[in-house]
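**Student:** Just one file: model32.txt, with compact mmCIF, C-alpha atoms.
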```txt
# COMPACT_ATOMS: atom_id res chain seq x y z
CA MET A 30 8.30 9.85 19.00
CA LYS A 31 8.88 6.27 20.23
CA LYS A 32 5.34 5.40 19.22
CA ALA A 33 5.99 6.65 15.69
CA LEU A 34 9.39 4.98 15.38
CA THR A 35 8.01 1.48 15.85
CA MET A 36 5.68 1.92 12.91
CA LEU A 37 8.38 3.78 10.99
CA LEU A 38 10.60 0.72 10.99
CA THR A 39 7.74 -1.58 10.06
CA SER A 40 6.45 0.70 7.33
CA SER A 41 9.88 1.25 5.83
CA LEU A 42 10.44 -2.49 5.53
CA VAL A 43 7.08 -3.07 3.90
CA LEU A 44 6.79 -0.04 1.71
CA GLY A 45 10.27 1.37 1.21
CA LEU A 46 11.22 4.98 1.28
CA ALA A 47 10.57 6.75 -1.97
CA ALA A 48 9.38 9.99 -3.15
CA CYS A 49 7.04 12.71 -4.02
CA GLY A 50 4.47 11.70 -6.58
CA GLY A 51 4.87 13.47 -9.84
CA GLY A 52 8.48 14.55 -9.30
CA ASN A 53 9.57 15.54 -12.76
CA ASN A 54 6.62 14.00 -14.05
CA GLY A 55 2.30 15.17 -10.51
CA GLY A 56 -6.00 2.42 -5.73
CA ASN A 57 -8.60 0.75 -7.11
CA GLY A 58 -10.78 -0.99 -4.60
CA ASN A 59 -14.34 -2.05 -4.68
CA GLY A 60 -16.98 -2.01 -2.05
CA GLY A 61 -17.10 0.53 0.73
CA SER A 62 -19.79 0.96 3.34
CA ASP A 63 -22.48 3.56 3.77
CA ALA A 64 -21.84 5.23 0.43
CA GLY A 65 -25.14 6.99 0.79
CA SER A 66 -24.73 8.05 4.42
CA SER A 67 -26.06 11.45 5.32
CA PRO A 68 -23.75 14.06 6.87
CA SER A 69 -25.32 13.54 10.26
CA SER A 70 -24.79 9.77 10.16
CA ALA A 71 -21.18 10.25 9.04
CA ALA A 72 -20.46 12.44 12.05
CA SER A 73 -22.35 10.37 14.59
CA SER A 74 -20.75 7.08 13.51
CA SER A 75 -17.50 8.10 15.23
CA ALA A 76 -18.98 9.85 18.24
CA GLY A 77 -18.22 7.02 20.66
CA ALA A 78 -14.59 6.65 19.67
CA SER A 79 -14.02 10.37 19.68
CA ALA A 80 -15.59 10.69 23.09
CA SER A 81 -12.89 8.33 24.32
CA SER A 82 -10.30 10.73 22.95
CA GLY A 83 -11.93 13.61 24.78
CA ASN A 84 -11.88 11.61 28.03
CA GLY A 85 -8.21 10.84 27.66
CA ASP A 86 -8.69 7.17 26.80
CA PRO A 87 -6.15 5.73 24.38
CA VAL A 88 -6.81 6.35 20.68
CA THR A 89 -4.83 4.90 17.78
CA LEU A 90 -4.86 6.86 14.52
CA ARG A 91 -3.40 5.53 11.29
CA VAL A 92 -2.10 8.27 8.95
CA ALA A 93 -0.93 7.47 5.41
CA TRP A 94 0.91 9.56 2.84
CA TRP A 95 3.24 9.33 -0.14
CA GLY A 96 6.49 11.23 -0.58
CA GLY A 97 10.26 11.22 -0.46
CA GLN A 98 12.61 10.96 2.51
CA SER A 99 12.47 14.67 3.34
CA ARG A 100 8.67 14.59 3.45
CA HIS A 101 8.70 11.48 5.61
CA ASP A 102 11.12 13.11 8.05
CA TYR A 103 9.20 16.32 8.64
CA THR A 104 5.82 14.57 8.68
CA LEU A 105 7.05 12.37 11.50
CA LYS A 106 8.10 15.52 13.38
CA VAL A 107 4.59 16.95 12.98
CA ILE A 108 3.12 13.66 14.17
CA ASP A 109 5.44 13.74 17.19
CA MET A 110 4.23 17.26 17.97
CA TYR A 111 0.59 16.15 17.74
CA GLU A 112 1.19 13.19 20.04
CA LYS A 113 2.84 15.41 22.66
CA LEU A 114 -0.17 17.75 22.60
CA HIS A 115 -2.54 14.76 22.76
CA PRO A 116 -0.81 12.18 25.02
CA ASN A 117 -3.69 9.71 24.68
CA VAL A 118 -3.27 9.54 20.88
CA THR A 119 -0.86 7.15 19.20
CA ILE A 120 -0.34 7.74 15.48
CA GLU A 121 0.76 4.88 13.27
CA PRO A 122 2.43 6.28 10.11
CA GLU A 123 2.19 4.47 6.78
CA TYR A 124 4.03 5.85 3.76
CA ALA A 125 5.59 4.99 0.42
CA SER A 126 6.49 6.41 -2.98
CA PHE A 127 3.56 7.69 -5.06
CA ASP A 128 3.09 4.56 -7.18
CA ASP A 129 3.66 2.12 -4.31
CA TYR A 130 1.28 4.10 -2.11
CA TRP A 131 -1.72 3.50 -4.37
CA LYS A 132 -0.80 -0.15 -4.83
CA LYS A 133 -0.84 -0.49 -1.04
CA LEU A 134 -4.13 1.38 -0.66
CA ALA A 135 -6.06 -0.67 -3.22
CA PRO A 136 -6.24 -3.94 -1.23
CA GLN A 137 -6.82 -1.98 1.98
CA ALA A 138 -9.80 -0.29 0.34
CA ALA A 139 -11.16 -3.64 -0.87
CA ALA A 140 -10.82 -5.05 2.66
CA LYS A 141 -12.37 -1.91 4.23
CA ASN A 142 -9.16 -1.44 6.20
CA LEU A 143 -7.95 1.93 4.92
CA PRO A 144 -5.89 4.14 7.24
CA ASP A 145 -7.98 6.67 9.18
CA VAL A 146 -6.34 9.68 7.49
CA ILE A 147 -5.41 9.20 3.83
CA GLN A 148 -3.34 11.60 1.77
CA MET A 149 -5.49 11.88 -1.36
CA ASP A 150 -4.62 12.93 -4.90
CA ILE A 151 -7.11 14.58 -7.24
CA SER A 152 -6.54 11.79 -9.77
CA TYR A 153 -8.05 9.26 -7.36
CA LEU A 154 -10.56 11.45 -5.53
CA THR A 155 -13.63 10.66 -7.64
CA GLN A 156 -12.89 6.95 -7.57
CA TYR A 157 -12.60 6.75 -3.77
CA ALA A 158 -15.52 9.11 -3.17
CA THR A 159 -17.99 7.45 -5.51
CA GLN A 160 -17.13 3.98 -4.23
CA GLY A 161 -17.96 4.98 -0.66
CA GLN A 162 -14.41 4.55 0.61
CA ILE A 163 -13.93 8.03 2.08
CA SER A 164 -16.21 10.09 4.31
CA GLU A 165 -17.99 13.33 3.67
CA LEU A 166 -16.16 16.08 5.58
CA GLN A 167 -18.76 18.85 5.85
CA PRO A 168 -20.06 17.54 9.22
CA TYR A 169 -16.63 18.12 10.76
CA ILE A 170 -16.56 21.68 9.45
CA ASP A 171 -20.08 22.28 10.74
CA ASN A 172 -19.20 21.08 14.23
CA LYS A 173 -15.94 23.10 14.18
CA LEU A 174 -13.60 20.12 14.43
CA ILE A 175 -12.06 21.46 11.22
CA ASP A 176 -11.85 25.25 11.51
CA THR A 177 -12.25 27.05 8.17
CA THR A 178 -12.44 30.60 9.56
CA ASN A 179 -9.30 31.66 7.67
CA ILE A 180 -9.75 29.41 4.64
CA SER A 181 -11.60 30.53 1.52
CA ASP A 182 -14.45 28.59 -0.04
CA ALA A 183 -12.44 28.47 -3.27
CA ALA A 184 -9.57 26.68 -1.51
CA ILE A 185 -11.97 24.13 -0.06
CA ALA A 186 -14.02 23.52 -3.23
CA GLY A 187 -11.33 21.46 -4.98
CA GLY A 188 -12.07 18.56 -2.66
CA LYS A 189 -15.70 18.23 -3.72
CA VAL A 190 -17.23 15.43 -5.77
CA ASN A 191 -20.86 15.82 -6.82
CA ASP A 192 -21.09 18.90 -4.57
CA LYS A 193 -20.04 16.97 -1.47
CA LEU A 194 -16.70 17.52 0.28
CA TYR A 195 -14.61 14.35 0.52
CA ALA A 196 -11.07 15.73 0.73
CA PHE A 197 -9.51 18.70 2.49
CA ASN A 198 -6.97 20.77 0.59
CA LEU A 199 -3.52 20.86 2.21
CA GLY A 200 -2.07 23.61 0.04
CA ASN A 201 -2.32 25.37 -3.31
CA ASN A 202 -0.08 24.56 -6.26
CA ALA A 203 0.55 25.71 -9.79
CA LEU A 204 2.46 24.00 -12.57
CA LEU A 205 5.95 25.28 -13.30
CA SER A 206 9.28 24.56 -14.87
CA VAL A 207 12.40 24.61 -12.71
CA ILE A 208 15.48 25.80 -14.63
CA ASP A 209 19.19 25.52 -13.89
CA LYS A 210 20.17 28.97 -15.16
CA ALA A 211 23.92 28.41 -14.72
CA MET A 212 23.81 25.23 -16.80
CA LEU A 213 21.77 27.03 -19.44
CA GLU A 214 24.24 29.90 -19.68
CA LYS A 215 27.22 27.53 -19.77
CA ALA A 216 25.61 25.96 -22.84
CA GLY A 217 25.50 29.39 -24.50
CA ALA A 218 21.78 30.00 -24.01
CA THR A 219 19.95 32.68 -22.09
CA MET A 220 17.22 32.40 -19.50
CA PRO A 221 13.84 32.41 -21.29
CA ALA A 222 11.28 35.13 -20.61
CA GLN A 223 8.14 34.47 -18.60
CA GLU A 224 6.10 34.34 -21.83
CA TRP A 225 8.29 31.66 -23.40
CA THR A 226 6.87 29.07 -25.80
CA TRP A 227 7.33 25.37 -26.47
CA ASP A 228 9.40 26.37 -29.50
CA ASP A 229 11.71 28.30 -27.17
CA PHE A 230 12.10 25.17 -25.04
CA THR A 231 12.81 22.99 -28.08
CA ALA A 232 15.43 25.46 -29.32
CA LEU A 233 17.53 24.82 -26.20
CA GLY A 234 17.89 21.12 -26.97
CA ASP A 235 20.92 21.05 -29.26
CA LYS A 236 22.88 23.49 -27.09
CA LEU A 237 22.37 21.34 -24.00
CA LYS A 238 23.05 18.13 -25.92
CA ALA A 239 26.40 19.54 -27.04
CA GLN A 240 27.30 19.86 -23.34
CA GLY A 241 26.30 16.26 -22.62
CA LYS A 242 23.07 17.38 -20.93
CA ILE A 243 19.39 16.81 -21.65
CA LEU A 244 16.45 19.20 -21.61
CA THR A 245 14.57 17.28 -18.96
CA GLN A 246 14.02 13.78 -17.62
CA ASP A 247 10.48 13.64 -19.04
CA LEU A 248 7.16 15.42 -18.80
CA ARG A 249 4.46 13.49 -17.01
CA HIS A 250 1.85 12.71 -19.67
CA ASP A 251 -1.25 12.83 -17.45
CA VAL A 252 -0.26 16.31 -16.24
CA PHE A 253 1.19 18.13 -19.22
CA PHE A 254 -1.00 16.86 -22.04
CA PRO A 255 -4.14 18.10 -20.20
CA PHE A 256 -2.36 21.42 -19.59
CA TYR A 257 -1.52 21.69 -23.29
CA LEU A 258 -5.17 21.01 -24.10
CA ARG A 259 -6.22 23.88 -21.82
CA SER A 260 -3.84 26.19 -23.68
CA GLN A 261 -5.65 25.19 -26.89
CA GLY A 262 -9.07 25.91 -25.41
CA GLN A 263 -9.78 22.19 -24.93
CA HIS A 264 -10.11 19.88 -21.93
CA MET A 265 -8.97 16.37 -21.17
CA TYR A 266 -12.43 15.20 -20.07
CA ALA A 267 -15.98 16.11 -21.02
CA ALA A 268 -18.07 17.83 -18.37
CA ASP A 269 -20.07 14.65 -17.71
CA GLY A 270 -16.90 12.52 -17.48
CA LYS A 271 -18.26 10.05 -20.04
CA SER A 272 -15.71 10.81 -22.75
CA LEU A 273 -12.60 12.80 -23.58
CA GLY A 274 -13.14 16.55 -23.72
CA TYR A 275 -11.77 16.90 -27.25
CA ALA A 276 -12.87 15.24 -30.48
CA ASP A 277 -10.21 16.45 -32.95
CA ASP A 278 -7.03 14.32 -32.98
CA LYS A 279 -5.07 17.39 -34.07
CA PHE A 280 -4.39 18.36 -30.44
CA PHE A 281 -2.91 14.96 -29.59
CA ILE A 282 -0.92 14.92 -32.84
CA ASP A 283 0.54 18.39 -32.33
CA PHE A 284 1.60 17.71 -28.74
CA TYR A 285 3.09 14.28 -29.36
CA ASN A 286 4.85 15.29 -32.57
CA MET A 287 6.65 17.83 -30.41
CA TYR A 288 7.26 15.38 -27.56
CA ASN A 289 8.49 12.64 -29.89
CA ASN A 290 10.83 15.10 -31.56
CA TRP A 291 12.41 15.81 -28.17
CA TYR A 292 12.80 12.09 -27.50
CA GLN A 293 14.19 11.08 -30.89
CA SER A 294 16.61 14.05 -30.75
CA GLY A 295 18.02 12.81 -27.42
CA TYR A 296 16.68 15.72 -25.41
CA LEU A 297 14.89 13.47 -22.90
CA LEU A 298 16.02 10.56 -20.76
CA SER A 299 15.77 7.22 -22.56
CA LEU A 300 12.78 5.08 -21.64
CA ASP A 301 14.94 2.24 -20.30
CA LYS A 302 16.70 4.61 -17.90
CA LEU A 303 13.43 6.33 -17.04
CA ALA A 304 11.95 2.97 -16.03
CA GLN A 305 14.66 2.65 -13.38
CA LYS A 306 13.75 5.97 -11.74
CA LYS A 307 11.99 5.96 -8.37
CA GLY A 308 10.34 9.31 -9.00
CA THR A 309 12.21 10.93 -6.12
CA PRO A 310 14.02 14.28 -6.12
CA GLU A 311 17.07 12.34 -4.94
CA ASP A 312 17.37 10.54 -8.29
CA GLY A 313 16.00 13.29 -10.55
CA GLU A 314 18.12 14.24 -13.57
CA LEU A 315 17.97 17.97 -12.81
CA GLU A 316 18.90 17.41 -9.18
CA LEU A 317 21.81 15.18 -10.24
CA GLY A 318 23.07 17.88 -12.62
CA ASN A 319 22.28 16.02 -15.85
CA ALA A 320 19.25 18.02 -17.08
CA VAL A 321 18.62 21.74 -17.38
CA SER A 322 15.03 21.53 -16.16
CA THR A 323 12.40 19.59 -14.27
CA TRP A 324 8.65 20.03 -14.60
CA GLY A 325 5.97 19.61 -11.99
CA TRP A 326 4.02 21.33 -9.23
CA SER A 327 5.21 24.35 -7.34
CA ASN A 328 5.58 22.58 -3.98
CA GLN A 329 8.07 20.17 -5.57
CA TYR A 330 10.50 23.03 -6.19
CA ILE A 331 11.39 23.17 -2.50
CA LEU A 332 12.64 19.58 -2.42
CA SER A 333 14.34 19.90 -5.81
CA ALA A 334 16.30 22.92 -4.62
CA ALA A 335 17.17 21.21 -1.33
CA VAL A 336 18.48 18.10 -3.09
CA ALA A 337 20.27 19.98 -5.90
CA LYS A 338 22.01 22.34 -3.44
CA ARG A 339 22.48 25.01 -6.10
CA PRO A 340 20.45 27.99 -7.32
CA LEU A 341 17.43 27.13 -9.46
CA GLU A 342 14.92 29.40 -11.17
CA ILE A 343 11.17 29.14 -11.72
CA LEU A 344 9.24 29.74 -14.93
CA PRO A 345 5.58 29.12 -15.75
CA VAL A 346 4.80 26.35 -18.24
CA PRO A 347 4.74 27.50 -21.90
CA GLY A 348 1.23 28.33 -23.01
CA TRP A 349 0.16 29.51 -19.56
CA ASN A 350 -1.07 32.79 -21.08
CA GLN A 351 -3.17 31.14 -23.82
CA ASN A 352 -6.89 30.48 -23.35
CA GLY A 353 -6.67 30.70 -19.56
CA ALA A 354 -4.48 27.59 -19.31
CA LEU A 355 -2.95 28.49 -15.93
CA PHE A 356 -4.83 27.27 -12.87
CA LEU A 357 -4.35 26.67 -9.17
CA LYS A 358 -4.68 23.10 -7.95
CA PRO A 359 -4.84 21.61 -4.49
CA SER A 360 -1.41 20.07 -4.08
CA MET A 361 -2.94 17.08 -2.32
CA PHE A 362 -5.61 16.43 0.27
CA PHE A 363 -6.34 14.59 3.47
CA SER A 364 -9.41 12.36 3.43
CA ILE A 365 -10.97 10.32 6.21
CA ALA A 366 -11.64 6.64 5.54
CA GLU A 367 -15.28 5.61 5.67
CA ASN A 368 -14.20 2.49 7.58
CA SER A 369 -12.47 4.57 10.29
CA LYS A 370 -13.70 4.10 13.87
CA VAL A 371 -12.07 7.36 14.98
CA LYS A 372 -13.32 9.84 12.41
CA GLU A 373 -13.54 12.79 14.76
CA GLU A 374 -9.96 12.26 15.92
CA ALA A 375 -8.99 12.09 12.24
CA ALA A 376 -10.78 15.41 11.68
CA LYS A 377 -8.90 16.96 14.62
CA PHE A 378 -5.61 15.87 13.05
CA ILE A 379 -6.57 17.48 9.73
CA ASP A 380 -7.49 20.69 11.55
CA PHE A 381 -4.13 20.64 13.35
CA TRP A 382 -2.30 20.16 10.04
CA VAL A 383 -3.92 23.08 8.23
CA ASN A 384 -4.34 25.55 11.12
CA ASN A 385 -1.54 25.03 13.65
CA VAL A 386 1.19 27.63 13.08
CA ASP A 387 3.93 25.68 14.87
CA ALA A 388 3.18 22.59 12.79
CA ASN A 389 3.34 24.66 9.64
CA LYS A 390 6.70 26.06 10.67
CA ILE A 391 7.88 22.49 10.18
CA ILE A 392 5.87 21.83 6.99
CA LEU A 393 6.79 25.21 5.44
CA GLY A 394 4.60 24.84 2.39
CA GLU A 395 6.16 21.59 1.12
CA ARG A 396 2.67 20.23 0.50
CA GLY A 397 1.63 23.44 -1.21
CA VAL A 398 1.16 27.03 -0.07
CA PRO A 399 -1.01 26.86 3.08
CA VAL A 400 -4.73 27.41 2.58
CA SER A 401 -5.11 29.33 5.86
CA SER A 402 -4.46 33.05 5.45
CA ALA A 403 -3.49 33.23 9.13
CA VAL A 404 -0.87 30.51 8.68
CA LYS A 405 0.52 32.16 5.53
CA ASP A 406 0.92 35.46 7.37
CA ALA A 407 2.58 33.76 10.33
CA LEU A 408 5.11 31.97 8.12
CA LYS A 409 6.41 34.97 6.19
CA ASP A 410 9.43 35.50 8.44
CA SER A 411 10.22 31.78 8.65
CA LEU A 412 10.62 31.10 4.94
CA THR A 413 13.88 30.33 3.22
CA PRO A 414 14.60 32.07 -0.10
CA GLU A 415 13.46 28.91 -1.95
CA GLN A 416 10.20 28.74 0.00
CA THR A 417 9.63 32.44 -0.57
CA LYS A 418 9.99 31.85 -4.33
CA VAL A 419 7.22 29.27 -4.22
CA PHE A 420 4.91 31.43 -2.13
CA GLU A 421 5.46 34.37 -4.50
CA TYR A 422 4.98 32.20 -7.59
CA VAL A 423 1.69 30.80 -6.32
CA ALA A 424 0.54 34.32 -5.40
CA TRP A 425 1.37 35.42 -8.97
CA ALA A 426 -0.41 32.38 -10.40
CA GLU A 427 -3.48 33.14 -8.31
CA GLN A 428 -3.72 36.54 -10.03
CA ASN A 429 -3.38 34.99 -13.50
CA ALA A 430 -5.28 31.72 -13.12
CA THR A 431 -8.68 30.56 -14.26
CA PRO A 432 -10.74 27.85 -12.49
CA MET A 433 -9.28 24.36 -12.64
CA ASP A 434 -11.10 21.50 -14.35
CA PRO A 435 -13.38 19.32 -12.19
CA PRO A 436 -11.79 16.32 -10.46
CA ASN A 437 -10.95 13.55 -12.91
CA PRO A 438 -13.87 11.19 -13.55
CA ALA A 439 -13.99 7.54 -12.56
CA GLY A 440 -11.85 5.63 -15.04
CA ALA A 441 -9.32 8.45 -15.35
CA THR A 442 -6.50 6.45 -13.76
CA GLU A 443 -7.00 3.79 -16.44
CA VAL A 444 -6.98 6.53 -19.11
CA ASP A 445 -3.76 7.94 -17.61
CA LYS A 446 -2.14 4.51 -17.88
CA LEU A 447 -3.34 4.20 -21.48
CA LEU A 448 -1.92 7.64 -22.34
CA LYS A 449 1.51 6.74 -20.93
CA GLU A 450 1.57 3.40 -22.76
CA THR A 451 0.45 5.00 -26.02
CA ALA A 452 3.11 7.72 -25.76
CA GLU A 453 5.77 5.07 -25.18
CA GLN A 454 4.62 3.17 -28.27
CA ILE A 455 5.20 6.37 -30.25
CA MET A 456 8.70 6.78 -28.85
CA TYR A 457 9.52 3.12 -29.49
CA LYS A 458 8.34 3.70 -33.08
CA LYS A 459 5.65 1.05 -32.81
CA LEU A 460 2.92 3.56 -33.70
CA THR A 461 2.90 6.74 -35.73
CA VAL A 462 1.60 9.77 -33.88
CA GLU A 463 -1.51 9.74 -36.07
CA GLU A 464 -2.19 6.06 -35.32
CA ALA A 465 -1.60 6.66 -31.62
CA ALA A 466 -3.99 9.63 -31.53
CA LYS A 467 -6.83 7.57 -32.98
CA LYS A 468 -6.10 4.55 -30.81
CA PHE A 469 -5.93 6.62 -27.63
CA ARG A 470 -9.15 8.53 -28.37
CA GLU A 471 -11.15 5.41 -29.17
CA GLN A 472 -9.89 3.35 -26.24
CA ALA A 473 -10.13 6.21 -23.74
CA ASN A 474 -13.71 6.95 -24.74
CA LYS A 475 -14.53 3.25 -24.34
CA ILE A 476 -13.08 3.28 -20.81
CA LEU A 477 -14.92 6.46 -19.81
CA GLY A 478 -18.18 5.33 -21.38
CA LYS A 479 -18.45 2.23 -19.19
```
Once you've parsed the file, please lay out its structure as structure tokens.
**Tutor:**
Amino acid sequence: MKKALTMLLTSSLVLGLAACGGGNNGGNGNGGSDAGSSPSSAASSSAGASASSGNGDPVTLRVAWWGGQSRHDYTLKVIDMYEKLHPNVTIEPEYASFDDYWKKLAPQAAAKNLPDVIQMDISYLTQYATQGQISELQPYIDNKLIDTTNISDAAIAGGKVNDKLYAFNLGNNALLSVIDKAMLEKAGATMPAQEWTWDDFTALGDKLKAQGKILTQDLRHDVFFPFYLRSQGQHMYAADGKSLGYADDKFFIDFYNMYNNWYQSGYLLSLDKLAQKKGTPEDGELELGNAVSTWGWSNQYILSAAVAKRPLEILPVPGWNQNGALFLKPSMFFSIAENSKVKEEAAKFIDFWVNNVDANKIILGERGVPVSSAVKDALKDSLTPEQTKVFEYVAWAEQNATPMDPPNPAGATEVDKLLKETAEQIMYKKLTVEEAAKKFREQANKILGK
């Protein structure tokens, strides 16, 4: 662990310790070498360095991720375990909060100095893959460095761009709402049914407000607006990625009339206070006892419950049962940098992460329900009640889900930023919802059409 601690201190000074991307809410570089490399060339490019690992010669592996303090702590334990099993390998950890992580990665990508193993989000996958910044992974599956014996093709497919695998799924997730049932009942309300609606959610607002509480901190726009579109039989992006997937502004207007009503009624955290949030469970309004709910991905429930230290319940997002809105999503991925000189060692680390039972007894599904059926079976007796809730919820979602949308197209991160800014202009009363809908559609299509 001494090897990890040196980098831990350095990384914490540079990047800070912050939290899980998306909380209540889930890099742009240019260049990149060998974007058109064949699978065989991708594998052979690291053969020399990996041979050194096999011979016991020293190997240094940089591993980067985003997250909160709890994720940092257990990830360092897994790294320590890997180093003890591979004494010749020194792992240099690099980590930050979600937003800071991508700001750090962007200049590294431009300089072709990305960490060897990169925690990847589906929002950035197409961008990094199409710019030649991450390596194709199929060669490492073919040569058994990443063992997929107990992993389904469906679990793997989410990491593909243009039918090539660039990111390996670390766990499956589904969207949910986390509810403080005791707070709800104290306000004179009852726990909603599984088939609840957005109107049901809105109806709780005044009761919570009377108790000095809010409905939720906020709903992340780039996550929940696309989900709402799915419930309306629409999609955020067209199949070719060259435009938005909807043409009628009605869908934007309906969603943001509802959202703006929550904000103007005082059911959400004010934008000035929201801007001060780090996006960590540690400073989340639900976790602090100020909001009755938080909204995000299923793996985030585990940290929310751990920080809140009180019973919390899970519900699916309203509209899940309309037009096949519910879907499973890879929680996050590991990718291998194209600039890495130790790609095979990076592949071995990914294999260890997804297949090693002892490692997963430390991880315990915090990055999503494990993709390996063997690991899932081995963990059943190790799970806490909170972890069991997540595993059971994802199993339920799997039975009720339809296929997820393709990875976001290039330009999507710019569209996400535009959506957030446009929504804030609505809430600041600088734009009507109708004006905002038109502005967003026109500007987003211009971005995607480039």
**Student:** CA of Leu341 in chain A and CA of Asp209 in chain A are how many Å apart?
**Tutor:** 5.0 Å
**Student:** Pick from A:Asp129, A:Asn290, A:Gly234, A:Asp269: nearest to Asn191 in chain A, with all atoms listed in the file counted?
**Tutor:**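 The closest residue to Asn191 in chain A is A:Asp269.
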**Student:** Identify which of the residues A:Leu194, A:Tyr257, A:Tyr111, A:Thr245 lies closest to Thr155 in chain A, counting only C-alpha atoms when measuring atom-to-atom distances.
**Tutor:** A:Leu194
**Student:** Residues within 9 Å of Val321 in chain A, please, as a PyMOL selection string. Count all atoms listed in the file; anything in the same chain fewer than 4 positions from it doesn't count.
**Tutor:** chain A and resi 207-213+237+242-245+314-315
**Student:** Given all atoms listed in the file as the basis, pick out the residue of A:Ile151, A:Gly97, A:Thr431, A:Val336 nearest to Ala125 in chain A.
**Tutor:** A:Gly97
**Student:** Would you pick out the contacts of Gln246 in chain A at 9 Å or less, using all atoms listed in the file, so that residues sharing its chain but fewer than 2 positions from it are not included, and give the list as a ChimeraX atom specification?
**Tutor:** /A:53-54,243-244,248,296-299,303,313-315,319-320,322-324
**Student:** Using only C-alpha atoms, which residues sit within 9 Å of His250 in chain A once same-chain residues fewer than 2 positions away are excluded, as a list in words?
**Tutor:** Asn54, Asp247, Leu248, Val252, Phe253, Phe254, Pro255, Asp445, Leu448, Lys449 and Ala452 of chain A
**Student:** In Å, rounded to a single decimal, give me how far CA of Val398 in chain A is from CA of Phe420 in chain A.
**Tutor:**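 Between CA of Phe420 in chain A and CA of Val398 in chain A the gap is 6.1 Å.
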**Student:** Could you state the separation of CA of Trp227 in chain A and CA of Ala203 in chain A in Å, given to one decimal place?
**Tutor:**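 Interatomic distance, CA of Trp227 in chain A to CA of Ala203 in chain A: 18.0 Å.
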**Student:** Can you patch up range 151-162 of chain A, filling it in to N, CA, C and O atoms, and show the result as a PDB file, keeping the file's coordinate frame?
**Tutor:**
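Dumped everything to part.pdb:
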```
ATOM      1  N   ILE A 151      -5.919  14.259  -6.462  1.00  0.00           N
ATOM      2  CA  ILE A 151      -7.110  14.580  -7.240  1.00  0.00           C
ATOM      3  C   ILE A 151      -7.389  13.527  -8.319  1.00  0.00           C
ATOM      4  O   ILE A 151      -8.541  13.324  -8.718  1.00  0.00           O
ATOM      5  N   SER A 152      -6.352  12.816  -8.752  1.00  0.00           N
ATOM      6  CA  SER A 152      -6.540  11.790  -9.770  1.00  0.00           C
ATOM      7  C   SER A 152      -7.367  10.607  -9.256  1.00  0.00           C
ATOM      8  O   SER A 152      -7.985   9.887 -10.039  1.00  0.00           O
ATOM      9  N   TYR A 153      -7.344  10.394  -7.955  1.00  0.00           N
ATOM     10  CA  TYR A 153      -8.050   9.260  -7.360  1.00  0.00           C
ATOM     11  C   TYR A 153      -9.286   9.666  -6.574  1.00  0.00           C
ATOM     12  O   TYR A 153     -10.038   8.813  -6.097  1.00  0.00           O
ATOM     13  N   LEU A 154      -9.497  10.967  -6.417  1.00  0.00           N
ATOM     14  CA  LEU A 154     -10.560  11.450  -5.530  1.00  0.00           C
ATOM     15  C   LEU A 154     -11.936  10.947  -5.940  1.00  0.00           C
ATOM     16  O   LEU A 154     -12.702  10.430  -5.097  1.00  0.00           O
ATOM     17  N   THR A 155     -12.298  11.089  -7.206  1.00  0.00           N
ATOM     18  CA  THR A 155     -13.630  10.660  -7.640  1.00  0.00           C
ATOM     19  C   THR A 155     -13.820   9.168  -7.420  1.00  0.00           C
ATOM     20  O   THR A 155     -14.876   8.723  -6.961  1.00  0.00           O
ATOM     21  N   GLN A 156     -12.807   8.397  -7.729  1.00  0.00           N
ATOM     22  CA  GLN A 156     -12.890   6.950  -7.570  1.00  0.00           C
ATOM     23  C   GLN A 156     -13.186   6.571  -6.117  1.00  0.00           C
ATOM     24  O   GLN A 156     -14.102   5.784  -5.838  1.00  0.00           O
ATOM     25  N   TYR A 157     -12.420   7.112  -5.182  1.00  0.00           N
ATOM     26  CA  TYR A 157     -12.600   6.750  -3.770  1.00  0.00           C
ATOM     27  C   TYR A 157     -13.901   7.305  -3.212  1.00  0.00           C
ATOM     28  O   TYR A 157     -14.545   6.668  -2.366  1.00  0.00           O
ATOM     29  N   ALA A 158     -14.282   8.494  -3.681  1.00  0.00           N
ATOM     30  CA  ALA A 158     -15.520   9.110  -3.170  1.00  0.00           C
ATOM     31  C   ALA A 158     -16.751   8.364  -3.657  1.00  0.00           C
ATOM     32  O   ALA A 158     -17.668   8.067  -2.882  1.00  0.00           O
ATOM     33  N   THR A 159     -16.792   8.060  -4.950  1.00  0.00           N
ATOM     34  CA  THR A 159     -17.990   7.450  -5.510  1.00  0.00           C
ATOM     35  C   THR A 159     -18.131   5.987  -5.117  1.00  0.00           C
ATOM     36  O   THR A 159     -19.223   5.417  -5.204  1.00  0.00           O
ATOM     37  N   GLN A 160     -17.056   5.360  -4.677  1.00  0.00           N
ATOM     38  CA  GLN A 160     -17.130   3.980  -4.230  1.00  0.00           C
ATOM     39  C   GLN A 160     -17.353   3.859  -2.720  1.00  0.00           C
ATOM     40  O   GLN A 160     -17.276   2.767  -2.149  1.00  0.00           O
ATOM     41  N   GLY A 161     -17.622   5.004  -2.078  1.00  0.00           N
ATOM     42  CA  GLY A 161     -17.960   4.980  -0.660  1.00  0.00           C
ATOM     43  C   GLY A 161     -16.802   4.631   0.250  1.00  0.00           C
ATOM     44  O   GLY A 161     -17.003   4.145   1.365  1.00  0.00           O
ATOM     45  N   GLN A 162     -15.573   4.924  -0.182  1.00  0.00           N
ATOM     46  CA  GLN A 162     -14.410   4.550   0.610  1.00  0.00           C
ATOM     47  C   GLN A 162     -13.886   5.671   1.505  1.00  0.00           C
ATOM     48  O   GLN A 162     -13.083   5.422   2.413  1.00  0.00           O
TER      49      GLN A 162
END
```
